[in-house]
file work_30.txt (compact mmCIF, C-alpha atoms and all ligand atoms)
# COMPACT_ATOMS: atom_id res chain seq x y z
CA MET A 557 28.59 -18.62 5.80
CA THR A 558 25.68 -20.00 7.82
CA GLY A 559 25.66 -23.67 8.80
CA ARG A 560 28.47 -26.07 8.17
CA PRO A 561 30.45 -26.22 4.94
CA ILE A 562 29.68 -29.03 2.51
CA LEU A 563 31.71 -31.86 1.09
CA ALA A 564 29.98 -33.41 -1.92
CA VAL A 565 30.18 -37.08 -2.92
CA LEU A 566 29.09 -38.13 -6.39
CA GLY A 567 28.54 -41.70 -7.56
CA GLY A 568 28.01 -42.95 -11.08
CA PRO A 569 26.11 -45.81 -12.74
CA ASN A 570 25.51 -49.14 -11.02
CA LEU A 571 26.91 -48.05 -7.67
CA ASN A 572 23.31 -48.42 -6.40
CA LEU A 573 23.92 -52.18 -6.74
CA LEU A 574 26.75 -52.18 -4.21
CA GLY A 575 26.43 -54.97 -1.66
CA GLN A 576 23.78 -56.72 -3.76
CA ARG A 577 25.95 -58.12 -6.59
CA GLU A 578 29.65 -58.97 -7.05
CA PRO A 579 30.71 -58.67 -3.38
CA ALA A 580 34.06 -60.33 -4.18
CA LEU A 581 34.90 -57.38 -6.41
CA TYR A 582 33.12 -54.42 -4.84
CA GLY A 583 32.73 -55.51 -1.20
CA THR A 584 29.66 -56.04 0.95
CA ALA A 585 28.96 -52.40 1.88
CA THR A 586 25.81 -50.99 0.28
CA LEU A 587 25.47 -47.48 -1.11
CA THR A 588 23.58 -46.58 2.07
CA ASP A 589 26.52 -47.89 4.14
CA LEU A 590 28.86 -45.76 2.03
CA GLU A 591 26.72 -42.68 2.62
CA ALA A 592 26.70 -43.39 6.38
CA LEU A 593 30.50 -43.72 6.36
CA CYS A 594 30.90 -40.43 4.48
CA THR A 595 28.44 -38.66 6.80
CA ARG A 596 30.27 -39.91 9.90
CA VAL A 597 33.71 -38.90 8.61
CA ALA A 598 32.49 -35.51 7.40
CA ASP A 599 30.74 -34.87 10.71
CA GLU A 600 33.97 -35.62 12.56
CA LEU A 601 35.75 -33.12 10.29
CA GLY A 602 33.07 -30.44 10.78
CA TYR A 603 31.30 -30.72 7.41
CA ASP A 604 27.89 -31.72 6.07
CA ILE A 605 27.70 -34.23 3.23
CA ASP A 606 25.81 -33.89 -0.04
CA PHE A 607 25.78 -37.50 -1.26
CA ARG A 608 24.33 -38.30 -4.70
CA GLN A 609 24.28 -41.23 -7.08
CA SER A 610 22.80 -41.47 -10.54
CA ASN A 611 22.82 -43.94 -13.41
CA HIS A 612 22.40 -41.06 -15.89
CA GLU A 613 25.27 -39.00 -17.28
CA GLY A 614 23.27 -35.76 -17.56
CA ASP A 615 22.15 -36.00 -13.92
CA LEU A 616 25.79 -36.26 -12.87
CA VAL A 617 26.61 -33.16 -14.91
CA ASP A 618 23.66 -31.29 -13.33
CA PHE A 619 24.81 -32.26 -9.86
CA VAL A 620 28.30 -30.93 -10.54
CA HIS A 621 26.73 -27.64 -11.68
CA GLU A 622 24.69 -27.46 -8.47
CA ILE A 623 27.66 -27.80 -6.15
CA ARG A 624 30.44 -26.18 -8.22
CA ASP A 625 30.42 -22.86 -6.36
CA THR A 626 29.28 -24.01 -2.92
CA ALA A 627 31.04 -27.26 -1.99
CA SER A 628 34.36 -27.15 -0.16
CA GLY A 629 35.43 -30.32 -1.97
CA LEU A 630 34.11 -33.09 -4.19
CA VAL A 631 34.71 -36.83 -4.08
CA VAL A 632 33.77 -38.41 -7.38
CA ASN A 633 33.43 -42.06 -8.30
CA ALA A 634 31.98 -41.67 -11.77
CA ALA A 635 32.04 -45.48 -12.20
CA ALA A 636 31.96 -46.39 -15.91
CA TYR A 637 31.54 -42.72 -16.92
CA THR A 638 35.07 -42.19 -15.59
CA HIS A 639 36.33 -43.93 -18.69
CA THR A 640 34.01 -42.34 -21.25
CA SER A 641 32.50 -39.01 -20.27
CA ILE A 642 33.88 -35.82 -21.78
CA ALA A 643 30.66 -34.10 -20.60
CA LEU A 644 31.45 -34.93 -16.98
CA HIS A 645 35.10 -33.90 -17.48
CA ASP A 646 33.97 -30.52 -18.84
CA ALA A 647 31.63 -30.02 -15.87
CA LEU A 648 34.31 -30.99 -13.33
CA VAL A 649 36.71 -28.41 -14.80
CA THR A 650 34.31 -25.71 -13.53
CA VAL A 651 34.37 -26.85 -9.88
CA ALA A 652 36.12 -24.26 -7.76
CA ALA A 653 37.05 -26.64 -4.92
CA PRO A 654 39.43 -29.62 -5.12
CA VAL A 655 38.09 -32.82 -6.66
CA ILE A 656 39.30 -36.31 -5.67
CA GLU A 657 38.65 -39.31 -7.89
CA VAL A 658 37.85 -42.49 -5.98
CA HIS A 659 37.45 -46.08 -7.14
CA LEU A 660 36.61 -49.01 -4.93
CA THR A 661 38.73 -51.33 -7.06
CA ASN A 662 42.22 -50.96 -8.47
CA VAL A 663 41.14 -49.98 -11.96
CA HIS A 664 44.75 -50.29 -13.19
CA ALA A 665 44.77 -54.02 -12.41
CA ARG A 666 41.57 -54.54 -14.42
CA GLU A 667 40.63 -54.36 -18.13
CA GLU A 668 42.56 -51.86 -20.23
CA PHE A 669 39.47 -49.71 -20.90
CA ARG A 670 39.41 -48.96 -17.15
CA HIS A 671 42.95 -47.54 -17.27
CA VAL A 672 41.67 -44.42 -19.04
CA SER A 673 40.16 -41.67 -16.89
CA TYR A 674 38.57 -38.41 -18.02
CA VAL A 675 38.37 -37.38 -14.36
CA ALA A 676 42.03 -37.84 -13.37
CA PRO A 677 43.37 -34.81 -15.32
CA ILE A 678 41.27 -32.44 -13.21
CA ALA A 679 41.69 -34.34 -9.90
CA ALA A 680 43.86 -33.23 -7.00
CA ALA A 681 44.31 -36.91 -6.11
CA VAL A 682 43.20 -40.36 -7.21
CA VAL A 683 42.38 -43.20 -4.79
CA ALA A 684 41.84 -46.71 -6.15
CA GLY A 685 41.67 -50.18 -4.67
CA PHE A 686 41.01 -49.37 -1.01
CA GLY A 687 37.30 -50.21 -1.14
CA ALA A 688 35.04 -48.02 1.00
CA ALA A 689 38.07 -46.78 2.98
CA GLY A 690 39.06 -44.76 -0.09
CA TYR A 691 36.12 -42.42 0.58
CA ASP A 692 37.36 -41.90 4.15
CA PHE A 693 40.87 -41.02 2.90
CA ALA A 694 39.51 -38.70 0.21
CA LEU A 695 37.26 -36.75 2.59
CA ARG A 696 40.11 -36.30 5.08
CA HIS A 697 42.40 -35.08 2.33
CA LEU A 698 39.77 -32.61 1.07
CA ALA A 699 39.42 -31.23 4.60
CA SER A 700 43.20 -30.84 4.83
CA LEU A 701 43.21 -28.91 1.54
CA ASP A 702 40.42 -26.57 2.71
CA THR A 703 42.11 -23.29 3.55
CA HIS A 704 38.96 -22.04 5.35
CA ARG A 705 38.88 -25.09 7.59
CA GLU A 706 39.88 -23.36 10.81
CA ILE A 707 37.07 -20.84 10.32
CA HIS A 708 34.51 -23.64 9.77
CA ARG A 709 35.47 -25.59 12.86
CA VAL A 710 33.38 -24.87 15.92
CA HIS A 711 35.45 -27.03 18.26
CA PRO A 712 39.27 -27.11 18.22
O1 LIG A 801 36.09 -49.48 -8.76
C1 LIG A 801 35.24 -48.60 -8.89
O2 LIG A 801 34.81 -47.92 -7.96
C2 LIG A 801 34.58 -48.40 -10.26
O3 LIG A 801 34.36 -47.00 -10.42
C3 LIG A 801 33.29 -49.17 -10.24
C4 LIG A 801 32.54 -49.14 -11.55
C5 LIG A 801 33.44 -49.52 -12.72
O4 LIG A 801 32.76 -49.35 -13.95
C6 LIG A 801 34.74 -48.70 -12.73
O5 LIG A 801 35.55 -49.13 -13.78
C7 LIG A 801 35.47 -48.84 -11.41
C8 LIG A 801 31.31 -50.06 -11.49
C9 LIG A 801 30.27 -49.53 -10.51
C10 LIG A 801 29.75 -50.58 -9.61
O6 LIG A 801 29.07 -51.57 -10.33
C11 LIG A 801 28.52 -52.63 -9.66
C12 LIG A 801 28.05 -53.63 -10.46
C13 LIG A 801 27.50 -54.75 -9.89
C14 LIG A 801 27.42 -54.86 -8.51
C15 LIG A 801 27.88 -53.84 -7.69
C16 LIG A 801 28.43 -52.72 -8.27
call {"tool": "encode", "arguments": {"input": "work_30.txt", "output": "structure tokens"}}
result
Amino acid sequence: MTGRPILAVLGGPNLNLLGQREPALYGTATLTDLEALCTRVADELGYDIDFRQSNHEGDLVDFVHEIRDTASGLVVNAAAYTHTSIALHDALVTVAAPVIEVHLTNVHAREEFRHVSYVAPIAAAVVAGFGAAGYDFALRHLASLDTHREIHRVHP
């Protein structure tokens, strides 16, 4: 492999509004802040980040296809599509690397329709309710699951 291995982060609909609306629920960090956090953590762990967000279900499916054979791990916050998308579920099944489902909020303490997840059955772990810190935890866990990690690392 040339260059550093990649951890992918996928965000679903309305996450582009982070920091602009509903700060009491979703916090004050913007999507750009979240990307910066993920980039910093991944860099510390010896990875590059491929960070994407889309409001469109098919785009999310296409992104999963793009990274399914190349990423060393995937963090996915599919937002509302978590609770509805069989198409995204079917795409995530094909990802070779571990997938971690992340939610900023504790979806289990919210409306009942948010208790259902089509992502969770294929996820190695689920993180909910830790805000932006959940992305930090998820990336570190993905790195710990990466059996090629010692080969990737340039510095001990
Ligand atoms: O808690 C999470 O991370 C969610 O995935 C966020 C989704 C929601 O549909 C899920 O049930 C749980 C919502 C995405 C963010 O939507 C915003 C709406 C307005 C302002 C800021 C963000």
call {"tool": "residues_near_point", "arguments": {"input": "work_30.txt", "point": "(29.4, -35.9, -1.1)", "cutoff": "9 Å", "atoms": "only C-alpha atoms", "output": "JSON, numbers by chain"}}
result
{"A": [562, 563, 564, 565, 566, 567, 591, 594, 595, 604, 605, 606, 607, 608, 627, 629, 630, 631, 632, 695]}
call {"tool": "atom_distance", "arguments": {"input": "work_30.txt", "atom1": "atom CA of Val675 of chain A", "atom2": "atom CA of Leu601 of chain A"}}
result
25.2 Å
call {"tool": "residues_around", "arguments": {"input": "work_30.txt", "residues": "Asp702 of chain A", "least_positions_apart": "6", "cutoff": "9 Å", "atoms": "only C-alpha atoms", "output": "PyMOL selection string"}}
result
chain A and resi 628-629+653-654
call {"tool": "residues_near_ligand", "arguments": {"input": "work_30.txt", "ligand": "ligand LIG 801 (chain A)", "cutoff": "8 Å", "atoms": "all atoms listed in the file", "output": "ChimeraX atom specification"}}
result
/A:568-579,581-582,633-639,658-663,670,684-685,687
call {"tool": "write_last_selection", "arguments": {"input": "work_30.txt", "atoms": "C-alpha atoms", "output": "PDB file, in the frame of the given file"}}
result
ATOM      1  CA  GLY A 568      28.010 -42.950 -11.080  1.00  0.00           C
ATOM      2  CA  PRO A 569      26.110 -45.810 -12.740  1.00  0.00           C
ATOM      3  CA  ASN A 570      25.510 -49.140 -11.020  1.00  0.00           C
ATOM      4  CA  LEU A 571      26.910 -48.050  -7.670  1.00  0.00           C
ATOM      5  CA  ASN A 572      23.310 -48.420  -6.400  1.00  0.00           C
ATOM      6  CA  LEU A 573      23.920 -52.180  -6.740  1.00  0.00           C
ATOM      7  CA  LEU A 574      26.750 -52.180  -4.210  1.00  0.00           C
ATOM      8  CA  GLY A 575      26.430 -54.970  -1.660  1.00  0.00           C
ATOM      9  CA  GLN A 576      23.780 -56.720  -3.760  1.00  0.00           C
ATOM     10  CA  ARG A 577      25.950 -58.120  -6.590  1.00  0.00           C
ATOM     11  CA  GLU A 578      29.650 -58.970  -7.050  1.00  0.00           C
ATOM     12  CA  PRO A 579      30.710 -58.670  -3.380  1.00  0.00           C
ATOM     13  CA  LEU A 581      34.900 -57.380  -6.410  1.00  0.00           C
ATOM     14  CA  TYR A 582      33.120 -54.420  -4.840  1.00  0.00           C
ATOM     15  CA  ASN A 633      33.430 -42.060  -8.300  1.00  0.00           C
ATOM     16  CA  ALA A 634      31.980 -41.670 -11.770  1.00  0.00           C
ATOM     17  CA  ALA A 635      32.040 -45.480 -12.200  1.00  0.00           C
ATOM     18  CA  ALA A 636      31.960 -46.390 -15.910  1.00  0.00           C
ATOM     19  CA  TYR A 637      31.540 -42.720 -16.920  1.00  0.00           C
ATOM     20  CA  THR A 638      35.070 -42.190 -15.590  1.00  0.00           C
ATOM     21  CA  HIS A 639      36.330 -43.930 -18.690  1.00  0.00           C
ATOM     22  CA  VAL A 658      37.850 -42.490  -5.980  1.00  0.00           C
ATOM     23  CA  HIS A 659      37.450 -46.080  -7.140  1.00  0.00           C
ATOM     24  CA  LEU A 660      36.610 -49.010  -4.930  1.00  0.00           C
ATOM     25  CA  THR A 661      38.730 -51.330  -7.060  1.00  0.00           C
ATOM     26  CA  ASN A 662      42.220 -50.960  -8.470  1.00  0.00           C
ATOM     27  CA  VAL A 663      41.140 -49.980 -11.960  1.00  0.00           C
ATOM     28  CA  ARG A 670      39.410 -48.960 -17.150  1.00  0.00           C
ATOM     29  CA  ALA A 684      41.840 -46.710  -6.150  1.00  0.00           C
ATOM     30  CA  GLY A 685      41.670 -50.180  -4.670  1.00  0.00           C
ATOM     31  CA  GLY A 687      37.300 -50.210  -1.140  1.00  0.00           C
TER      32      GLY A 687
END
call {"tool": "atom_distance", "arguments": {"input": "work_30.txt", "atom1": "atom CA of Ile656 of chain A", "atom2": "atom CA of His621 of chain A"}}
result
16.4 Å
call {"tool": "atom_distance", "arguments": {"input": "work_30.txt", "atom1": "atom CA of Val620 of chain A", "atom2": "atom CA of Ala699 of chain A"}}
result
18.8 Å
call {"tool": "closest_residue", "arguments": {"input": "work_30.txt", "among": "A:Asp589, A:Asp646, A:Pro561, A:Arg696", "to": "Thr626 of chain A", "atoms": "all atoms listed in the file"}}
result
A:Pro561
call {"tool": "closest_residue", "arguments": {"input": "work_30.txt", "among": "A:Ala688, A:Ala676, A:Leu648, A:Leu701", "to": "Thr588 of chain A", "atoms": "only C-alpha atoms"}}
result
A:Ala688
call {"tool": "closest_residue", "arguments": {"input": "work_30.txt", "among": "A:Ala580, A:Val651, A:Ser700, A:Leu587", "to": "Gly602 of chain A", "atoms": "all atoms listed in the file"}}
result
A:Ser700
call {"tool": "closest_residue", "arguments": {"input": "work_30.txt", "among": "A:Tyr603, A:Thr586, A:Glu667, A:Ile678", "to": "His704 of chain A", "atoms": "all atoms listed in the file"}}
result
A:Tyr603
call {"tool": "closest_residue", "arguments": {"input": "work_30.txt", "among": "A:Glu613, A:Asp599, A:Asp625, A:Glu657", "to": "Val682 of chain A", "atoms": "all atoms listed in the file"}}
result
A:Glu657
